[in-house]
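K.L.:
Pasting in a structure now, in structure tokens, and then I'll have a few things to ask.
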Amino acid sequence: MSKVRCNLKDPFPTELLATLDLGNMDGHRDPLVERSFIATRSIKSFKNDNHSIIIGAFGTGKSAIFNLMRNKSEILDVYKNDLIVTIDEQIQFEQLKEDSKKYFPILSQKLTFQLLWKFQICRRISEEISSLNNFPDNDYETYLSEFLSRTGGRGGHLSILSRLKELFGKVSFKIKAKLSDIPVDVELSKGAEKSIKQIELNLDKVIENISKSIEERGIRQATVIIDKLDKFVAGEEYETQRSYIESLLELEDDLYTEDRIGFKVFLRSDLYDRLDFSALGPDKAEDNTLRLVWNREEIRAFVARRMYLALQDAGIWQMTNIFESSDMSDYQLRWYEKVLLKENKSGVKYKCSHYYNKLFGRKKSKRTLFEKLDLLIINKLFSSDLLHECSEGNEEPILNYDFFDTHFLDGNSSCTPRYMLVFLKELLEEANEFYYNSPHIHVTPVLEGEDWVYNIFDSHLVYKAYTQSKEKFIRHVSKVDDNWTSHIMELLEKKGGKQTFDYKWIKRNIQFTDGDDQALVFLIYLQVIGFCKPVKYERDIKKRNFELPILYKTAKNVN
């Protein structure tokens with residue numbers, strides 16, 4: 001007989017399943033992003049503030065981090081006292097190319113884009129400084145106040161192109177700036193006949209006064225966070241997009257010596273991998289880049305944390321219920337671990353506990369407390385064995401955590417929180433419907449080994465939710481860009497039971513209206529969003545064979 005007593009609610013209140021809140025798949029809108037935050041290895045590196053370029057696939061958390069920084073979250077405490085300067089505008093790259101030629105006819109595209117970026121960054125930092133108390137508080141800030149007045153005043157948050165169009169219709173500019181060690185002194189042609197005066201701007205002096213103002217106010221640094229530059233585009237738009245982003249990264253490199261100005265540029269990893277870093281040096285760029293990835297333990301932690309919080313908020317359990325109903329004989333909790341497990345993550349006692357855990361915590365060779373906790377939560381809710389469908393169509397048992405490790409990988413061999421939320425929400429819907437239609441079934445705790453568990457999500461329920469969530473995965477990923485939604489659906493319809501496909505098959509079977517090589521662009525897009533993966537790598541994408549990853553394959557047996 002187990003020495004562990006059951007401290008789980010008996011029976012499980014299945015009527016509350018419909019009320020459980022797992023949060024939002026959009027990092028900008030997720031109300032649980034802070035409470036359920038997982039400190040992944042990538043996040044720990046991010047908090048060291050050694051990288052300016054942050055890259056990741058769709059759904060890896062770029063928007064969530066951007067939002068946490070903008071809101072000065074306690075989670076990212078190293079940036080909490082920074083002056084956070086946001087730039088998150090969707091650029092129309094075709095318009096950018098046309099307007100840059102119009103307003104900067106004597107400059108190369110590279111220098112034009114760097115000048116645009118430097119102007120925009122000077123504007124945005126100056127705007128944020130102007131919102132501080134007692135602005136202007138010194139000569140440096142008086143200079144910045146005059147700069148803002150000359151370039152359109154405070155507020156508005158206009159896009160860079162809108163700002164230029166508005167200004168150049170009224171005045172002419174003479175702009176001085178040093179870009180990639182090249183002094184630029186350019187007089188902009190009038191945008192309209194009503195232009196009546198000329199204004200001289202020295203962007204390097206603006207940067208100098210920004211740095212002095214920040215230092216004078218005792219602020220660690222102005223951290224410029226930039227998002228939404230990596231919308232999927234093709235053809236000439238893509239070349240402009242790439243050049244625009246490369247120019248930004250070169251400007252960031254130019255400003256690296258400015259200790260009071262930092263950058264965080266969020267980009268899709270596939271776009272980053274196609275940038276040209278010859279001007280910076282590939283090794284230098286790689287050293288300044290952080291890749292956001294989720295390993296298996298972190299994905300398990302995400303599943304456990306979301307389910308735990310949903311059940312806690314519904315009043316179904318607390319942390320003590322989990323531990324007291326589990327065999328912890330080989331894992332006696334230390335005082336600081338007990339404090340760390342409490343909901344309150346602040347105060348002197350919590351900070352001391354965090355410090356003790358860092359210095360005297362369990363050896364890395366053993367499973368950490370939180371890894372143990374994640375498995376406890378998963379095992380209390382899910383049957384220990386779930387179902388896996390083999391390639392022949394037959395079903396085999398698979399450990400529940402192995403199921404999470406393997407069945408949610410996309411074509412980039414990546415599993416993201418977004419995929420897990422789609423599945424978990426579908427699982428709750430299926431479970432709610434099942435137990436509502438089965439009022440005679442009462443879920444009571446049972447002893448499994450030395451632990452008390454619910455097994456509320458059995459293998460068939462989980463498998464049904466997984467197969468049905470596949471349709472939602474496909475609908476979601478197909479709508480990342482509306483231009484390709486119908487083509488993805490057409491591919492799935494015509495592929496049928498065909499295991500692999502290639503460029504020639506796409507060109508022959510998918511109907512495109514554009515005269516360009518849209519088959520090639522479509523295939524590139526499918527790889528970008530992880531909808532397909534190469535069976536065997538070839539340098540030339542037209543020679544590769546592709547297959548759907550397990551995440552998007554249709555299950556043969558749907559019970």
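In the structure tokens, each chain is lettered A, B, ... as it comes, each chain's residues begin at 1, and ligands are numbered from 1 in order of appearance.
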Might you pull out every residue within 12 Å of Ile43 in chain A, with only C-alpha atoms counted and same-chain residues fewer than 3 positions away left off, and present them as a ChimeraX atom specification?
P.N.:
/A:37-40,46-51,54,60-62,64-65,68,75-78,290-294,298
K.L.:
Which residues come within 6 Å of range 448-465 of chain A, counting only C-alpha atoms, excluding same-chain residues fewer than 3 positions away, as number ranges by chain?
P.N.:
A: 2, 325-327, 380-383, 386-387, 426-427, 445, 468-469
K.L.:
Looking at A:Tyr79, A:Phe58, A:Phe173, A:Phe119, which one is nearest to Phe266 in chain A, with distances taken over only C-alpha atoms?
P.N.:
A:Phe58
K.L.:
Could you tell me which of A:Ile398, A:Val224, A:Ile121, A:Leu373 comes closest to Thr86 in chain A if we count only C-alpha atoms?
P.N.:
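That would be A:Val224, the residue with the smallest distance to Thr86 in chain A.
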K.L.:
Residues at most 6 Å from Lys174 in chain A, counting only C-alpha atoms, excluding those fewer than 5 positions away in the same chain, as a ChimeraX atom specification?
P.N.:
/A:186-187,200
K.L.:
Those residues you just picked out, can you put them in a file as a short mmCIF file (atom, residue, chain, number, x, y, z; two decimals), in the first residue's frame with N, CA and C atoms?
P.N.:
```
data_model
loop_
_atom_site.label_atom_id
_atom_site.label_comp_id
_atom_site.auth_asym_id
_atom_site.auth_seq_id
_atom_site.Cartn_x
_atom_site.Cartn_y
_atom_site.Cartn_z
N VAL A 186 23.93 65.39 -47.43
CA VAL A 186 23.04 65.40 -48.58
C VAL A 186 21.96 66.45 -48.41
N GLU A 187 21.71 67.17 -49.50
CA GLU A 187 20.62 68.13 -49.52
C GLU A 187 19.47 67.51 -50.27
N GLU A 200 18.69 72.22 -41.42
CA GLU A 200 19.89 71.38 -41.36
C GLU A 200 19.81 70.46 -40.15
#
```
K.L.:
Counting only C-alpha atoms, which of A:Ser126, A:Asn483, A:Asn288, A:Gln499 gets nearest to Tyr140 in chain A?
P.N.:
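Ranked by minimum distance to Tyr140 in chain A, first place goes to A:Ser126.
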K.L.:
Could you tell me how far CA of Glu128 in chain A lies from CA of Ser247 in chain A, in Å and to one decimal?
P.N.:
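Pair CA of Glu128 in chain A / CA of Ser247 in chain A returns 23.3 Å.
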K.L.:
According to DSSP computed on the backbone, where in range 208-443 of chain A is there alpha helix (DSSP H)? Give the residues as a VMD selection string.
P.N.:
chain A and resid 208 to 216 235 to 254 269 to 273 282 to 287 296 to 313 319 to 324 335 to 340 348 to 360 369 to 381 400 to 406 417 to 436
K.L.:
So that I can see what lies close to Glu471 in chain A, please list as a list in words the residues with an atom at most 12 Å from it, counting only C-alpha atoms and leaving out residues fewer than 6 positions away in the same chain.
P.N.:
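Contacts, in chain order: Tyr419, Val422, Phe423, Glu426, Lys464, Ala465, Val477, Ser478, Met489, Leu492, Leu551, Tyr552, Lys553, Thr554 and Ala555 of chain A.
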K.L.:
Taking only C-alpha atoms into account, which of A:Val535, A:Leu203, A:Ala234, A:Ile106 comes nearest Glu547 in chain A?
P.N.:
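Among the listed residues, the smallest separation from Glu547 in chain A belongs to A:Val535.
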K.L.:
Within 9 Å of Val184 in chain A, counting only C-alpha atoms, which residues qualify if same-chain residues fewer than 2 places away don't, as a list in words?
P.N.:
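Here the qualifying residues turn out to be Leu107, Leu111, Leu115, Ile175, Lys176, Ala177, Lys178, Leu179, Ile182 and Val186 of chain A.
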K.L.:
Mind writing the picked residues with N, CA, C and O atoms as a PDB file, in the first residue's frame?
P.N.:
```
ATOM      1  N   LEU A 107      21.883  59.219 -53.566  1.00  0.00           N
ATOM      2  CA  LEU A 107      22.468  58.212 -52.672  1.00  0.00           C
ATOM      3  C   LEU A 107      22.198  56.805 -53.180  1.00  0.00           C
ATOM      4  O   LEU A 107      21.176  56.546 -53.820  1.00  0.00           O
ATOM      5  N   LEU A 111      22.954  53.283 -48.603  1.00  0.00           N
ATOM      6  CA  LEU A 111      23.123  54.467 -47.763  1.00  0.00           C
ATOM      7  C   LEU A 111      21.777  55.141 -47.489  1.00  0.00           C
ATOM      8  O   LEU A 111      21.558  55.684 -46.399  1.00  0.00           O
ATOM      9  N   LEU A 115      20.323  55.808 -43.811  1.00  0.00           N
ATOM     10  CA  LEU A 115      19.958  57.168 -43.415  1.00  0.00           C
ATOM     11  C   LEU A 115      18.516  57.209 -42.904  1.00  0.00           C
ATOM     12  O   LEU A 115      18.215  57.870 -41.899  1.00  0.00           O
ATOM     13  N   ILE A 175      20.951  67.028 -44.514  1.00  0.00           N
ATOM     14  CA  ILE A 175      21.203  66.058 -43.458  1.00  0.00           C
ATOM     15  C   ILE A 175      22.657  65.622 -43.475  1.00  0.00           C
ATOM     16  O   ILE A 175      23.204  65.283 -44.526  1.00  0.00           O
ATOM     17  N   LYS A 176      23.246  65.630 -42.284  1.00  0.00           N
ATOM     18  CA  LYS A 176      24.609  65.141 -42.114  1.00  0.00           C
ATOM     19  C   LYS A 176      24.566  63.910 -41.218  1.00  0.00           C
ATOM     20  O   LYS A 176      23.873  63.891 -40.212  1.00  0.00           O
ATOM     21  N   ALA A 177      25.330  62.885 -41.603  1.00  0.00           N
ATOM     22  CA  ALA A 177      25.406  61.669 -40.797  1.00  0.00           C
ATOM     23  C   ALA A 177      26.580  60.833 -41.277  1.00  0.00           C
ATOM     24  O   ALA A 177      26.979  60.910 -42.447  1.00  0.00           O
ATOM     25  N   LYS A 178      27.139  60.055 -40.366  1.00  0.00           N
ATOM     26  CA  LYS A 178      28.194  59.119 -40.722  1.00  0.00           C
ATOM     27  C   LYS A 178      27.570  57.737 -40.793  1.00  0.00           C
ATOM     28  O   LYS A 178      27.009  57.244 -39.813  1.00  0.00           O
ATOM     29  N   LEU A 179      27.670  57.093 -41.963  1.00  0.00           N
ATOM     30  CA  LEU A 179      27.030  55.806 -42.195  1.00  0.00           C
ATOM     31  C   LEU A 179      28.063  54.812 -42.703  1.00  0.00           C
ATOM     32  O   LEU A 179      28.654  55.027 -43.762  1.00  0.00           O
ATOM     33  N   ILE A 182      31.178  56.242 -43.695  1.00  0.00           N
ATOM     34  CA  ILE A 182      31.095  57.140 -44.848  1.00  0.00           C
ATOM     35  C   ILE A 182      30.361  58.409 -44.420  1.00  0.00           C
ATOM     36  O   ILE A 182      29.183  58.347 -44.058  1.00  0.00           O
ATOM     37  N   VAL A 186      23.930  65.393 -47.431  1.00  0.00           N
ATOM     38  CA  VAL A 186      23.040  65.397 -48.577  1.00  0.00           C
ATOM     39  C   VAL A 186      21.963  66.452 -48.411  1.00  0.00           C
ATOM     40  O   VAL A 186      21.390  66.621 -47.344  1.00  0.00           O
TER      41      VAL A 186
END
```
